[in-house]
Structures are given as C-alpha cells and as structure tokens.
$ cat query_18.tsv   # TSV, C-alpha atoms and all ligand atoms
chain	number	residue	atom	x	y	z
A	183	MET	CA	-10.03	-8.74	-6.67
A	184	ARG	CA	-7.09	-6.39	-6.99
A	185	ILE	CA	-4.85	-6.65	-3.93
A	186	TYR	CA	-1.95	-4.39	-3.00
A	187	SER	CA	0.62	-4.43	-0.24
A	188	GLY	CA	4.15	-3.36	0.46
A	189	ILE	CA	6.92	-3.63	2.96
A	190	GLN	CA	9.73	-1.18	3.67
A	191	PRO	CA	13.31	-2.40	3.22
A	192	THR	CA	14.47	-1.35	6.67
A	193	GLY	CA	15.90	-3.70	9.28
A	194	CYS	CA	15.02	-7.26	8.34
A	195	ILE	CA	11.85	-9.15	7.46
A	196	THR	CA	10.82	-10.48	10.85
A	197	ILE	CA	8.60	-13.40	11.71
A	198	GLY	CA	6.11	-10.64	12.66
A	199	ASN	CA	6.11	-9.40	9.07
A	200	TYR	CA	5.93	-12.98	7.89
A	201	ILE	CA	2.91	-13.89	10.01
A	202	GLY	CA	1.22	-10.49	9.82
A	203	ALA	CA	1.83	-9.85	6.15
A	204	VAL	CA	3.67	-12.26	3.84
A	205	LYS	CA	1.79	-15.41	4.92
A	206	ASN	CA	-1.53	-13.82	4.03
A	207	TRP	CA	-0.14	-12.62	0.73
A	208	LEU	CA	0.75	-16.19	-0.19
A	209	GLU	CA	-2.86	-17.25	0.22
A	210	LEU	CA	-4.24	-14.20	-1.52
A	211	GLN	CA	-2.06	-14.56	-4.60
A	212	GLU	CA	-3.72	-17.90	-5.42
A	213	GLU	CA	-7.12	-16.39	-6.14
A	214	ASN	CA	-6.51	-12.71	-6.84
A	215	ASP	CA	-4.78	-10.15	-8.91
A	216	CYS	CA	-1.97	-9.07	-6.57
A	217	LEU	CA	0.82	-6.50	-6.51
A	218	PHE	CA	3.50	-6.61	-3.82
A	219	ALA	CA	6.18	-3.95	-3.58
A	220	VAL	CA	9.44	-3.40	-1.76
A	221	ALA	CA	8.56	0.14	-0.63
A	222	ASN	CA	12.05	1.64	-0.77
A	223	GLN	CA	10.82	5.22	-1.19
A	224	HIS	CA	9.13	4.91	2.18
A	225	ALA	CA	12.45	3.90	3.73
A	226	LEU	CA	13.91	7.35	2.99
A	227	THR	CA	11.96	8.99	5.83
A	228	VAL	CA	14.82	7.87	8.04
A	229	ARG	CA	18.47	8.36	7.05
A	230	GLN	CA	19.83	5.54	4.94
A	231	VAL	CA	23.31	4.54	3.83
A	232	PRO	CA	22.92	4.31	0.02
A	233	GLN	CA	24.86	1.06	-0.44
A	234	GLU	CA	22.98	-0.57	2.42
A	235	LEU	CA	19.61	0.55	1.08
A	236	ARG	CA	20.49	-0.91	-2.33
A	237	GLU	CA	21.59	-4.23	-0.85
A	238	ARG	CA	18.64	-4.48	1.48
A	239	THR	CA	16.21	-3.77	-1.35
A	240	LEU	CA	17.66	-6.68	-3.34
A	241	SER	CA	17.68	-8.88	-0.26
A	242	PHE	CA	14.02	-8.10	0.52
A	243	PHE	CA	13.06	-8.81	-3.07
A	244	ALA	CA	14.88	-12.18	-2.88
A	245	GLN	CA	13.10	-12.90	0.42
A	246	PHE	CA	9.72	-12.20	-1.22
A	247	LEU	CA	10.54	-14.80	-3.87
A	248	ALA	CA	11.98	-17.26	-1.34
A	249	CYS	CA	8.80	-17.07	0.76
A	250	GLY	CA	6.84	-18.19	-2.28
A	251	LEU	CA	5.55	-14.98	-3.80
A	252	ASP	CA	5.43	-15.95	-7.43
A	253	PRO	CA	6.17	-13.52	-10.30
A	254	GLU	CA	3.97	-15.68	-12.55
A	255	LYS	CA	0.98	-15.09	-10.28
A	256	SER	CA	1.62	-11.66	-8.77
A	257	ILE	CA	3.32	-8.45	-9.82
A	258	LEU	CA	6.43	-8.14	-7.64
A	259	TYR	CA	8.43	-4.94	-7.95
A	260	VAL	CA	10.48	-2.22	-6.30
A	261	GLN	CA	8.57	1.02	-5.69
A	262	SER	CA	11.21	3.47	-6.96
A	263	ASN	CA	11.27	1.68	-10.34
A	264	VAL	CA	7.74	2.95	-11.00
A	265	PRO	CA	7.85	6.77	-11.12
A	266	GLU	CA	4.05	7.15	-10.99
A	267	HIS	CA	4.18	6.62	-7.20
A	268	SER	CA	5.81	10.01	-6.64
A	269	GLU	CA	3.77	11.62	-9.36
A	270	LEU	CA	0.44	10.68	-7.79
A	271	ALA	CA	1.72	11.37	-4.28
A	272	TRP	CA	2.25	15.04	-5.17
A	273	ILE	CA	-1.26	15.39	-6.54
A	274	LEU	CA	-2.79	13.65	-3.54
A	275	SER	CA	-0.72	15.73	-1.12
A	276	CYS	CA	-2.44	18.83	-2.49
A	277	HIS	CA	-5.72	17.24	-1.43
A	278	THR	CA	-4.59	16.27	2.08
A	279	TYR	CA	-4.88	18.54	5.10
A	280	ILE	CA	-1.84	18.93	7.32
A	281	GLY	CA	-4.07	18.25	10.33
A	282	GLU	CA	-4.92	14.82	8.95
A	283	LEU	CA	-1.24	13.97	8.73
A	284	GLU	CA	-0.25	15.41	12.09
A	285	ARG	CA	-2.85	13.18	13.75
A	286	MET	CA	-1.16	10.00	12.52
A	287	THR	CA	0.07	7.87	15.41
A	288	GLN	CA	3.09	6.67	13.45
A	289	PHE	CA	4.11	10.27	12.64
A	290	LYS	CA	3.91	11.22	16.31
A	291	ASP	CA	5.86	8.12	17.33
A	292	LYS	CA	8.58	8.50	14.75
A	293	SER	CA	8.95	12.25	15.40
A	294	ARG	CA	9.55	11.47	19.04
A	295	LYS	CA	12.14	8.85	18.14
A	296	ASN	CA	13.97	10.92	15.49
A	297	GLU	CA	13.91	14.39	16.98
A	298	ASP	CA	16.89	15.48	14.89
A	299	ASN	CA	15.28	14.47	11.59
A	300	ILE	CA	11.58	15.32	11.50
A	301	ASN	CA	11.56	15.71	7.73
A	302	ALA	CA	8.58	16.55	5.53
A	303	GLY	CA	8.54	13.00	4.19
A	304	LEU	CA	7.87	11.65	7.65
A	305	LEU	CA	4.70	13.74	7.68
A	306	THR	CA	3.59	13.03	4.10
A	307	TYR	CA	4.47	9.32	4.16
A	308	PRO	CA	0.79	8.26	4.39
A	309	VAL	CA	0.09	10.21	1.20
A	310	LEU	CA	2.75	8.21	-0.64
A	311	MET	CA	1.19	5.05	0.77
A	312	ALA	CA	-2.24	6.19	-0.46
A	313	ALA	CA	-0.71	6.77	-3.90
A	314	ASP	CA	0.74	3.23	-3.87
A	315	ILE	CA	-2.69	1.80	-3.25
A	316	LEU	CA	-4.84	4.06	-5.43
A	317	LEU	CA	-2.56	3.85	-8.48
A	318	PHE	CA	-3.60	0.26	-9.03
A	319	GLY	CA	-7.32	0.37	-8.31
A	320	SER	CA	-6.74	-1.84	-5.29
A	321	ASP	CA	-9.84	-3.32	-3.65
A	322	LEU	CA	-8.14	-4.91	-0.68
A	323	VAL	CA	-4.98	-4.03	1.25
A	324	PRO	CA	-3.63	-6.69	3.62
A	325	VAL	CA	-1.76	-4.98	6.47
A	326	GLY	CA	-1.10	-5.32	10.17
A	327	LYS	CA	-3.14	-3.32	12.70
A	328	ASP	CA	-0.54	-0.57	12.87
A	329	GLN	CA	-1.27	0.46	9.28
A	330	LYS	CA	-5.02	0.79	9.68
A	331	GLN	CA	-4.93	4.55	10.23
A	332	HIS	CA	-2.91	5.06	7.04
A	333	LEU	CA	-5.44	3.01	5.15
A	334	GLU	CA	-8.27	5.16	6.46
A	335	LEU	CA	-6.52	8.14	4.93
A	336	ALA	CA	-6.17	6.35	1.59
A	337	ARG	CA	-9.92	5.74	1.67
A	338	ASP	CA	-10.69	9.36	2.61
A	339	LEU	CA	-8.48	10.64	-0.20
A	340	ALA	CA	-10.09	8.35	-2.76
A	341	ILE	CA	-13.57	9.46	-1.71
A	342	ARG	CA	-12.55	13.15	-1.61
A	343	PHE	CA	-11.00	12.97	-5.08
A	344	ASN	CA	-13.97	11.08	-6.53
A	345	ASN	CA	-16.42	13.62	-5.08
A	346	ARG	CA	-14.49	16.51	-6.47
A	347	TYR	CA	-13.55	15.23	-9.93
A	348	GLY	CA	-15.90	12.35	-10.61
A	349	ASP	CA	-15.34	8.65	-10.18
A	350	THR	CA	-11.60	7.95	-10.50
A	351	PHE	CA	-10.31	5.76	-7.70
A	352	VAL	CA	-11.47	2.49	-6.20
A	353	VAL	CA	-12.02	2.98	-2.44
A	354	PRO	CA	-9.78	0.32	-0.83
A	355	GLU	CA	-10.68	-1.88	2.13
A	356	PRO	CA	-8.17	-2.95	4.77
A	357	TYR	CA	-7.69	-6.66	5.30
A	358	ILE	CA	-6.39	-7.37	8.78
A	359	PRO	CA	-5.76	-10.98	9.75
A	360	LYS	CA	-7.53	-12.11	12.93
A	361	GLN	CA	-4.85	-14.22	14.52
A	362	GLY	CA	-1.28	-13.06	14.71
A	363	ALA	CA	-2.14	-9.54	13.59
A	364	LYS	CA	0.38	-8.35	16.12
A	365	ILE	CA	3.40	-10.46	16.94
A	366	THR	CA	5.22	-8.93	19.86
A	367	SER	CA	8.87	-8.54	20.83
A	368	LEU	CA	10.52	-11.58	22.40
A	369	GLN	CA	12.14	-9.31	24.98
A	370	ASN	CA	9.23	-6.98	25.69
A	371	PRO	CA	6.09	-8.95	24.90
A	372	THR	CA	3.67	-6.05	25.25
A	373	GLU	CA	5.39	-4.18	22.39
A	374	LYS	CA	5.12	-4.98	18.67
A	375	MET	CA	8.02	-6.97	17.19
A	376	SER	CA	9.56	-4.23	15.12
A	377	LYS	CA	11.93	-4.54	12.18
A	378	SER	CA	13.98	-1.67	13.47
A	379	ASP	CA	14.34	-2.82	17.11
A	380	LYS	CA	17.95	-2.31	18.22
A	381	ASP	CA	17.82	-5.27	20.62
A	382	GLN	CA	18.88	-8.24	18.47
A	383	ASN	CA	17.16	-10.68	20.83
A	384	ALA	CA	13.78	-8.98	20.48
A	385	THR	CA	13.19	-9.93	16.85
A	386	VAL	CA	13.66	-13.01	14.72
A	387	SER	CA	14.50	-12.48	11.06
A	388	ILE	CA	13.26	-15.00	8.51
A	389	ILE	CA	16.86	-15.38	7.37
A	390	ASP	CA	18.39	-15.87	10.83
A	391	PRO	CA	20.41	-19.13	10.91
A	392	PRO	CA	18.79	-21.98	12.93
A	393	ASP	CA	21.20	-21.65	15.89
A	394	VAL	CA	20.44	-17.93	16.15
A	395	ILE	CA	16.70	-18.64	16.04
A	396	MET	CA	17.05	-21.23	18.83
A	397	ARG	CA	19.12	-18.87	20.97
A	398	LYS	CA	16.61	-16.04	20.62
A	399	PHE	CA	13.67	-18.25	21.61
A	400	LYS	CA	15.59	-19.69	24.55
A	401	ARG	CA	16.04	-16.14	25.82
A	402	ALA	CA	12.43	-15.10	25.18
A	403	VAL	CA	10.84	-13.30	28.12
A	404	THR	CA	7.94	-15.19	29.71
A	405	ASP	CA	6.54	-14.77	33.23
A	406	SER	CA	6.87	-16.24	36.67
A	407	ASP	CA	4.04	-18.74	36.70
A	408	ASN	CA	4.33	-21.97	34.72
A	409	ARG	CA	1.12	-22.48	32.76
A	410	ILE	CA	1.27	-22.56	28.98
A	411	VAL	CA	-2.04	-20.88	28.21
A	412	PHE	CA	-3.16	-18.04	25.99
A	413	ALA	CA	-4.27	-15.17	28.26
A	414	GLU	CA	-4.14	-11.41	28.34
A	415	GLU	CA	-2.12	-11.37	31.54
A	416	LYS	CA	0.46	-13.69	29.91
A	417	PRO	CA	1.64	-11.70	26.88
A	418	GLY	CA	4.96	-13.57	26.49
A	419	ILE	CA	3.43	-17.06	26.50
A	420	SER	CA	0.49	-15.94	24.35
A	421	ASN	CA	2.88	-14.52	21.77
A	422	LEU	CA	4.90	-17.75	21.68
A	423	LEU	CA	1.71	-19.79	21.27
A	424	THR	CA	0.64	-17.56	18.37
A	425	ILE	CA	4.03	-17.96	16.70
A	426	TYR	CA	3.99	-21.73	17.22
A	427	SER	CA	0.50	-21.97	15.78
A	428	ALA	CA	1.39	-19.84	12.73
A	429	PHE	CA	4.45	-21.92	11.87
A	430	THR	CA	3.01	-25.39	12.49
A	431	GLY	CA	-0.59	-24.93	11.40
A	432	VAL	CA	-2.01	-26.30	14.68
A	433	THR	CA	-4.52	-24.07	16.47
A	434	VAL	CA	-3.61	-22.22	19.65
A	435	GLU	CA	-5.97	-24.52	21.59
A	436	GLU	CA	-4.23	-27.61	20.19
A	437	ALA	CA	-0.87	-26.10	21.06
A	438	GLU	CA	-2.02	-25.43	24.65
A	439	ALA	CA	-3.10	-29.06	24.95
A	440	ARG	CA	0.18	-30.28	23.46
A	441	PHE	CA	2.25	-28.40	26.06
A	442	GLN	CA	0.04	-28.94	29.08
A	443	GLY	CA	2.21	-29.76	32.10
A	444	LYS	CA	5.45	-28.99	30.23
A	445	GLY	CA	7.95	-26.42	31.49
A	446	TYR	CA	8.67	-23.07	29.84
A	447	GLY	CA	12.17	-24.20	28.85
A	448	ASP	CA	10.90	-27.13	26.77
A	449	PHE	CA	8.12	-25.02	25.31
A	450	LYS	CA	10.53	-22.31	24.15
A	451	LEU	CA	12.78	-24.91	22.54
A	452	ALA	CA	9.79	-26.42	20.72
A	453	VAL	CA	8.71	-23.01	19.40
A	454	GLY	CA	12.26	-22.27	18.22
A	455	GLU	CA	12.47	-25.63	16.45
A	456	ALA	CA	9.11	-25.16	14.75
A	457	VAL	CA	10.19	-21.76	13.43
A	458	ALA	CA	13.65	-22.94	12.31
A	459	ASP	CA	12.16	-26.00	10.55
A	460	ALA	CA	9.50	-23.98	8.74
A	461	LEU	CA	12.05	-21.41	7.60
A	462	ALA	CA	14.72	-23.87	6.40
A	463	PRO	CA	13.30	-24.22	2.84
A	464	VAL	CA	12.77	-20.43	2.61
A	465	GLN	CA	16.40	-19.81	3.54
A	466	LYS	CA	17.64	-22.34	1.00
A	467	LYS	CA	15.74	-20.59	-1.80
A	468	TYR	CA	16.85	-17.18	-0.56
A	469	ASN	CA	20.48	-18.15	-0.96
A	470	GLU	CA	19.82	-19.52	-4.44
A	471	TYR	CA	18.20	-16.25	-5.57
A	472	LEU	CA	20.96	-14.13	-4.07
A	473	SER	CA	23.63	-16.12	-5.87
A	474	ASP	CA	21.99	-15.34	-9.23
A	475	LYS	CA	21.80	-11.53	-9.32
A	476	ALA	CA	21.10	-11.42	-13.07
A	477	GLU	CA	17.96	-13.51	-12.65
A	478	LEU	CA	16.88	-11.46	-9.64
A	479	GLU	CA	17.28	-8.25	-11.64
A	480	ARG	CA	15.37	-9.72	-14.56
A	481	ILE	CA	12.40	-10.57	-12.34
A	482	MET	CA	12.57	-7.11	-10.75
A	483	LYS	CA	12.56	-5.40	-14.14
A	484	GLU	CA	9.68	-7.46	-15.44
A	485	GLY	CA	7.61	-6.66	-12.35
A	486	ALA	CA	8.32	-2.94	-12.66
A	487	GLU	CA	7.26	-2.94	-16.32
A	488	LYS	CA	3.95	-4.59	-15.51
A	489	ALA	CA	3.30	-2.23	-12.58
A	490	HIS	CA	4.26	0.79	-14.69
A	491	ARG	CA	1.77	-0.13	-17.41
A	492	LEU	CA	-1.08	-0.26	-14.90
A	493	ALA	CA	0.03	2.88	-13.08
A	494	ALA	CA	0.38	4.89	-16.29
A	495	ARG	CA	-3.22	4.11	-17.15
A	496	THR	CA	-4.42	5.55	-13.83
A	497	MET	CA	-2.20	8.61	-14.20
A	498	ARG	CA	-3.63	9.44	-17.62
A	499	LYS	CA	-7.09	9.45	-16.09
A	500	VAL	CA	-6.02	11.50	-13.05
A	501	LYS	CA	-4.18	14.13	-15.09
A	502	LYS	CA	-7.14	14.63	-17.35
A	503	LYS	CA	-9.53	15.02	-14.42
A	504	ILE	CA	-7.45	17.60	-12.59
A	505	GLY	CA	-6.78	19.70	-15.69
A	506	PHE	CA	-3.18	18.92	-16.61
A	507	VAL	CA	-2.60	19.37	-20.36
A	508	GLN	CA	-2.05	16.20	-22.35
A	509	ASP	CA	1.54	15.08	-22.86
B	601	LIG	P1	6.78	-2.75	8.48
B	601	LIG	O1	7.65	-3.71	9.19
B	601	LIG	O2	6.31	-1.68	9.41
B	601	LIG	O3	7.31	-2.23	7.19
B	601	LIG	O4	5.47	-3.57	8.12
B	601	LIG	C1	5.29	-4.39	6.98
B	601	LIG	C2	4.01	-5.19	7.13
B	601	LIG	O5	4.13	-6.16	8.19
B	601	LIG	C3	2.79	-4.36	7.51
B	601	LIG	O6	1.63	-4.91	6.94
B	601	LIG	C4	2.76	-4.46	9.00
B	601	LIG	O7	1.54	-4.15	9.55
B	601	LIG	C5	3.17	-5.92	9.20
B	601	LIG	N1	3.82	-6.08	10.51
B	601	LIG	C6	4.93	-5.46	10.93
B	601	LIG	N2	5.29	-5.86	12.17
B	601	LIG	C7	4.35	-6.75	12.56
B	601	LIG	C8	4.14	-7.52	13.74
B	601	LIG	N3	4.96	-7.47	14.77
B	601	LIG	N4	3.08	-8.35	13.78
B	601	LIG	C9	2.24	-8.43	12.74
B	601	LIG	N5	2.39	-7.74	11.60
B	601	LIG	C10	3.41	-6.91	11.48
B	602	LIG	N1	3.79	1.71	5.14
B	602	LIG	C1	3.73	0.28	5.19
B	602	LIG	C2	4.40	-0.22	6.45
B	602	LIG	O1	5.22	0.43	7.02
B	602	LIG	C3	4.37	-0.36	3.99
B	602	LIG	C4	3.65	0.06	2.76
B	602	LIG	C5	4.09	0.96	1.85
B	602	LIG	C6	2.37	-0.38	2.35
B	602	LIG	N2	3.16	1.10	0.87
B	602	LIG	C7	2.09	0.30	1.13
B	602	LIG	C8	1.45	-1.29	2.86
B	602	LIG	C9	0.90	0.13	0.48
B	602	LIG	C10	0.26	-1.45	2.18
B	602	LIG	C11	-0.01	-0.75	1.01
B	602	LIG	O2	4.08	-1.30	6.86
$ encode --input "query_18.tsv" --output "structure tokens" --more "lines below"
Ligand code: AMP
Ligand code: TRP
Amino acid sequence: MRIYSGIQPTGCITIGNYIGAVKNWLELQEENDCLFAVANQHALTVRQVPQELRERTLSFFAQFLACGLDPEKSILYVQSNVPEHSELAWILSCHTYIGELERMTQFKDKSRKNEDNINAGLLTYPVLMAADILLFGSDLVPVGKDQKQHLELARDLAIRFNNRYGDTFVVPEPYIPKQGAKITSLQNPTEKMSKSDKDQNATVSIIDPPDVIMRKFKRAVTDSDNRIVFAEEKPGISNLLTIYSAFTGVTVEEAEARFQGKGYGDFKLAVGEAVADALAPVQKKYNEYLSDKAELERIMKEGAEKAHRLAARTMRKVKKKIGFVQD
C-alpha cells in the first residue's frame, strides 16, 4: 500500500507526535511504500523567522532519521523541495467550497488564537494537505485524531474530482492508532500535548536531555487520590500510563499491576526514566546526523528527487484532465 504522512516543523517533535505519528510510521515502513514529509509549507500559516524555519526543518529531518525512518525503505523529503504540492493545491482549491474550509475546527481554533494574522493560507491549509496526499496516490494516511476532519476533505476532493473528470485520484483512508491517539499535556491533562504549547513543562520533546525529561515528569499534574489506574476521571494518570506503555511495550493493564500500591511520586519517576531510556539511542543518532550536514542534505535531495518523479506523473494526468495545454 502507498502510505503518506507529514509533520510541520513548528515547535519541537513531542512524545505526542512520536507516539501518535512517528512510531506507527516505523511499523508501516516495513511492509509498505511510504512517503514522509517535513511539511514546511504548512508552517507558513503562522509567522516564522526565516533562519529558525530553515534550522528547524533540518532538525526535524534529522529527527526523522534518528527515530529510524529509513531513506532506503521510505521516501523522506521536505515539502517545499517538491513544487507539485503548490501546483496541485491551486487546482484543488478551485474545487473546494469556502464553506467547507470555514467549518474546519482547526481553522476556527487557530483564527481565535492568531486574531492579528488570519491569513488566506490558514483557511486553505487543508487543501494543501489534500494535495500532499493525492499527489502520491496514497491509500492510507496515518494521523492523530485531530487531523481526521482534514482527511475527510481530502477524500471529498478526490471523489469530487474523479466524478467530474474521470478516475484520477486514489481516495485515501485515515489510519488512526487506537491507543495513544491523543497524548495530553503534562500540565493540563485534558488538553492535547501540542508542539506549540508555550508552557515548557507541558510538553516533552524527543530531543530533551534526560534531566529535563525527568524534571518535566516530576512536575506532571496528576490528581488528589492515589490510585494508579486508567480511568476517564483520572486524565493525568491515564496519560502517564499510556506514555509508559508506549515507551516500554508493556500493556496499560500490566503497567497498572506493576505500580499497584506505589505512590504518584515513584510512578512519575518511573515514567520519566522509561521515556529517557527509550529516547537515549534516538538522541545519539540525532547528534550524529546534525554533525554531518552534507550527508543530511544529500539524503534530503535524494528524497525530494524521488518524490518529485512520482508527483510529476500525477500532475501530467491532472493537467490533461482539466484542460491545461501540454508543456
Ligand atoms: P502536528 O504536531 O500538529 O504537526 O502533528 C503531527 C502529527 O502528530 C499528526 O499526525 C498529529 O495528529 C500527531 N499528533 C500531534 N500531537 C499529538 C498528540 N498529542 N497525541 C497524539 N498524536 C499527536
Ligand atoms: N497537517 C498535518 C498536521 O498538522 C501535517 C501534514 C501536512 C500532514 N501534510 C500532511 C499529515 C499530509 C498527513 C498527510 O498534523
């Protein structure tokens, strides 16, 4: 199957992204034909400092590799290096109704948060995401719950286009992991752990040093009772159990049994240690990749060339169908 996913280079790759996205990608790349992108064009919907965007894009790409995404198995690339994304996005935007975009929860959220910069890109962002997916004939798109609505639009656009012009696009399916689909903030455990959270203690980055990881887990918000069980009324503890399970491979039930009768303090330390231990080899590789920029750029270029070849094939088909003259 053809699989596509992407992540925006804003903030840092959190353990939420890791559990909700990257970890699934690692499994998927073993058996499928995958493309994974650093979606830097998407990042422009909020103001960026150019030098920071450039550095973060490289850093995210190095983190992809350090996590184990393998350029021999998957196509790994940076979105802006493949111009067909914008090209298809324009065509799709002419087939998208404004009402469909204004309904998007993320648009409404982000407009509220960035009142001084409600730019057109913020509205049309899901069209660019649809273009990302449809360019490559993707069958399956692994994402977290929050992206489900955007994926619905990608499906609607594929179906609409196919009905109007004849079979062109594969209609993609979302792939949403059951457990850990939503890792929540360590400070506000009913809210999603977000890459862009301003509270440093709310998120854990996959490249946070071990002492920082331990400190953040020690400060994690729990509740006033003292049972370590997974339950709706215990969002903080449930979130920590999910994180522990994801990083150690034991089930949530096994984790509950392991910590039965233990205090919250010990439990939080154990979760922090499990995360720091699991991330140690990732961080070692990350530093190696970052210290060899030439190699990093070579892998980036190779990925973009492969992605471009596939995307160009789709664009030839699309242009012909909609009546653009041959170039
Ligand atoms: P974003 O951080 O919004 O660019 O998301 C990148 C990918 O990670 C998407 O597939 C998201 O759905 C997923 N993701 C982001 N935050 C979380 C979270 N807290 N828990 C689970 N998955 C997440
Ligand atoms: N919009 C996605 C997010 O914020 C990232 C993304 C960009 C993406 N393009 C994609 C995800 C294509 C899946 C497929 O999480």
$ atom_distance --input "query_18.tsv" --atom1 "atom C7 of ligand LIG 602 (chain B)" --atom2 "atom CA of A:Tyr307"
9.8 Å
$ residues_around --input "query_18.tsv" --residues "A:Asp474" --least-positions-apart "5" --cutoff "12 Å" --atoms "all atoms listed in the file" --output "count of residues only"
9
$ residues_around --input "query_18.tsv" --residues "A:Leu339" --least-positions-apart "3" --cutoff "8 Å" --atoms "all atoms listed in the file" --output "ChimeraX atom specification"
/A:274,277-278,312,335-336,342-343
$ residues_around --input "query_18.tsv" --residues "A:Val352" --least-positions-apart "2" --cutoff "7 Å" --atoms "all atoms listed in the file" --output "mmCIF file with C-alpha atoms, in the coordinates of the input"
data_model
loop_
_atom_site.group_PDB
_atom_site.id
_atom_site.type_symbol
_atom_site.label_atom_id
_atom_site.label_comp_id
_atom_site.auth_asym_id
_atom_site.auth_seq_id
_atom_site.Cartn_x
_atom_site.Cartn_y
_atom_site.Cartn_z
ATOM 1 C CA LEU A 316 -4.840 4.060 -5.430
ATOM 2 C CA GLY A 319 -7.320 0.370 -8.310
ATOM 3 C CA SER A 320 -6.740 -1.840 -5.290
ATOM 4 C CA ASP A 321 -9.840 -3.320 -3.650
ATOM 5 C CA ALA A 340 -10.090 8.350 -2.760
ATOM 6 C CA THR A 350 -11.600 7.950 -10.500
ATOM 7 C CA PRO A 354 -9.780 0.320 -0.830
#
$ closest_residue --input "query_18.tsv" --among "A:Leu270, A:Glu213, A:Thr372, A:Gln233" --to "ligand LIG 601 (chain B)" --atoms "all atoms listed in the file"
A:Thr372
$ build_atoms --input "query_18.tsv" --residues "stretch 240-248 of chain A" --atoms "all heavy atoms" --output "mmCIF file, in the frame of the given file"
data_model
loop_
_atom_site.group_PDB
_atom_site.id
_atom_site.type_symbol
_atom_site.label_atom_id
_atom_site.label_comp_id
_atom_site.auth_asym_id
_atom_site.auth_seq_id
_atom_site.Cartn_x
_atom_site.Cartn_y
_atom_site.Cartn_z
ATOM 1 N N LEU A 240 17.479 -5.404 -2.618
ATOM 2 C CA LEU A 240 17.660 -6.680 -3.340
ATOM 3 C C LEU A 240 17.380 -7.862 -2.422
ATOM 4 O O LEU A 240 16.712 -8.823 -2.814
ATOM 5 C CB LEU A 240 19.103 -6.800 -3.856
ATOM 6 C CG LEU A 240 19.432 -6.044 -5.132
ATOM 7 C CD1 LEU A 240 20.911 -6.187 -5.446
ATOM 8 C CD2 LEU A 240 18.601 -6.566 -6.298
ATOM 9 N N SER A 241 17.875 -7.784 -1.202
ATOM 10 C CA SER A 241 17.680 -8.880 -0.260
ATOM 11 C C SER A 241 16.194 -9.077 0.046
ATOM 12 O O SER A 241 15.698 -10.204 0.087
ATOM 13 C CB SER A 241 18.476 -8.594 1.018
ATOM 14 O OG SER A 241 18.044 -9.427 2.057
ATOM 15 N N PHE A 242 15.470 -7.990 0.246
ATOM 16 C CA PHE A 242 14.020 -8.100 0.520
ATOM 17 C C PHE A 242 13.304 -8.719 -0.672
ATOM 18 O O PHE A 242 12.402 -9.543 -0.512
ATOM 19 C CB PHE A 242 13.419 -6.725 0.844
ATOM 20 C CG PHE A 242 13.453 -6.378 2.305
ATOM 21 C CD1 PHE A 242 14.621 -6.502 3.044
ATOM 22 C CD2 PHE A 242 12.320 -5.927 2.963
ATOM 23 C CE1 PHE A 242 14.654 -6.182 4.403
ATOM 24 C CE2 PHE A 242 12.339 -5.608 4.309
ATOM 25 C CZ PHE A 242 13.502 -5.728 5.030
ATOM 26 N N PHE A 243 13.706 -8.289 -1.864
ATOM 27 C CA PHE A 243 13.060 -8.810 -3.070
ATOM 28 C C PHE A 243 13.307 -10.328 -3.147
ATOM 29 O O PHE A 243 12.399 -11.110 -3.429
ATOM 30 C CB PHE A 243 13.602 -8.086 -4.302
ATOM 31 C CG PHE A 243 12.731 -8.242 -5.511
ATOM 32 C CD1 PHE A 243 11.581 -7.483 -5.656
ATOM 33 C CD2 PHE A 243 13.041 -9.164 -6.505
ATOM 34 C CE1 PHE A 243 10.745 -7.639 -6.766
ATOM 35 C CE2 PHE A 243 12.226 -9.329 -7.620
ATOM 36 C CZ PHE A 243 11.077 -8.553 -7.751
ATOM 37 N N ALA A 244 14.553 -10.741 -2.864
ATOM 38 C CA ALA A 244 14.880 -12.180 -2.880
ATOM 39 C C ALA A 244 14.099 -12.918 -1.786
ATOM 40 O O ALA A 244 13.677 -14.062 -1.978
ATOM 41 C CB ALA A 244 16.388 -12.368 -2.672
ATOM 42 N N GLN A 245 13.881 -12.258 -0.652
ATOM 43 C CA GLN A 245 13.100 -12.900 0.420
ATOM 44 C C GLN A 245 11.625 -13.056 0.029
ATOM 45 O O GLN A 245 10.988 -14.043 0.376
ATOM 46 C CB GLN A 245 13.238 -12.116 1.724
ATOM 47 C CG GLN A 245 14.633 -12.251 2.340
ATOM 48 C CD GLN A 245 14.806 -11.404 3.586
ATOM 49 O OE1 GLN A 245 14.136 -11.598 4.588
ATOM 50 N NE2 GLN A 245 15.714 -10.448 3.518
ATOM 51 N N PHE A 246 11.091 -12.070 -0.692
ATOM 52 C CA PHE A 246 9.720 -12.200 -1.220
ATOM 53 C C PHE A 246 9.617 -13.500 -2.038
ATOM 54 O O PHE A 246 8.730 -14.315 -1.849
ATOM 55 C CB PHE A 246 9.394 -11.052 -2.179
ATOM 56 C CG PHE A 246 8.856 -9.793 -1.546
ATOM 57 C CD1 PHE A 246 8.985 -9.558 -0.185
ATOM 58 C CD2 PHE A 246 8.202 -8.840 -2.321
ATOM 59 C CE1 PHE A 246 8.478 -8.389 0.387
ATOM 60 C CE2 PHE A 246 7.688 -7.683 -1.760
ATOM 61 C CZ PHE A 246 7.839 -7.449 -0.416
ATOM 62 N N LEU A 247 10.560 -13.633 -2.970
ATOM 63 C CA LEU A 247 10.540 -14.800 -3.870
ATOM 64 C C LEU A 247 10.732 -16.087 -3.071
ATOM 65 O O LEU A 247 10.032 -17.075 -3.293
ATOM 66 C CB LEU A 247 11.626 -14.665 -4.933
ATOM 67 C CG LEU A 247 11.476 -13.487 -5.911
ATOM 68 C CD1 LEU A 247 12.760 -13.284 -6.693
ATOM 69 C CD2 LEU A 247 10.301 -13.707 -6.860
ATOM 70 N N ALA A 248 11.680 -16.049 -2.126
ATOM 71 C CA ALA A 248 11.980 -17.260 -1.340
ATOM 72 C C ALA A 248 10.780 -17.694 -0.497
ATOM 73 O O ALA A 248 10.567 -18.882 -0.277
ATOM 74 C CB ALA A 248 13.191 -16.996 -0.439
#
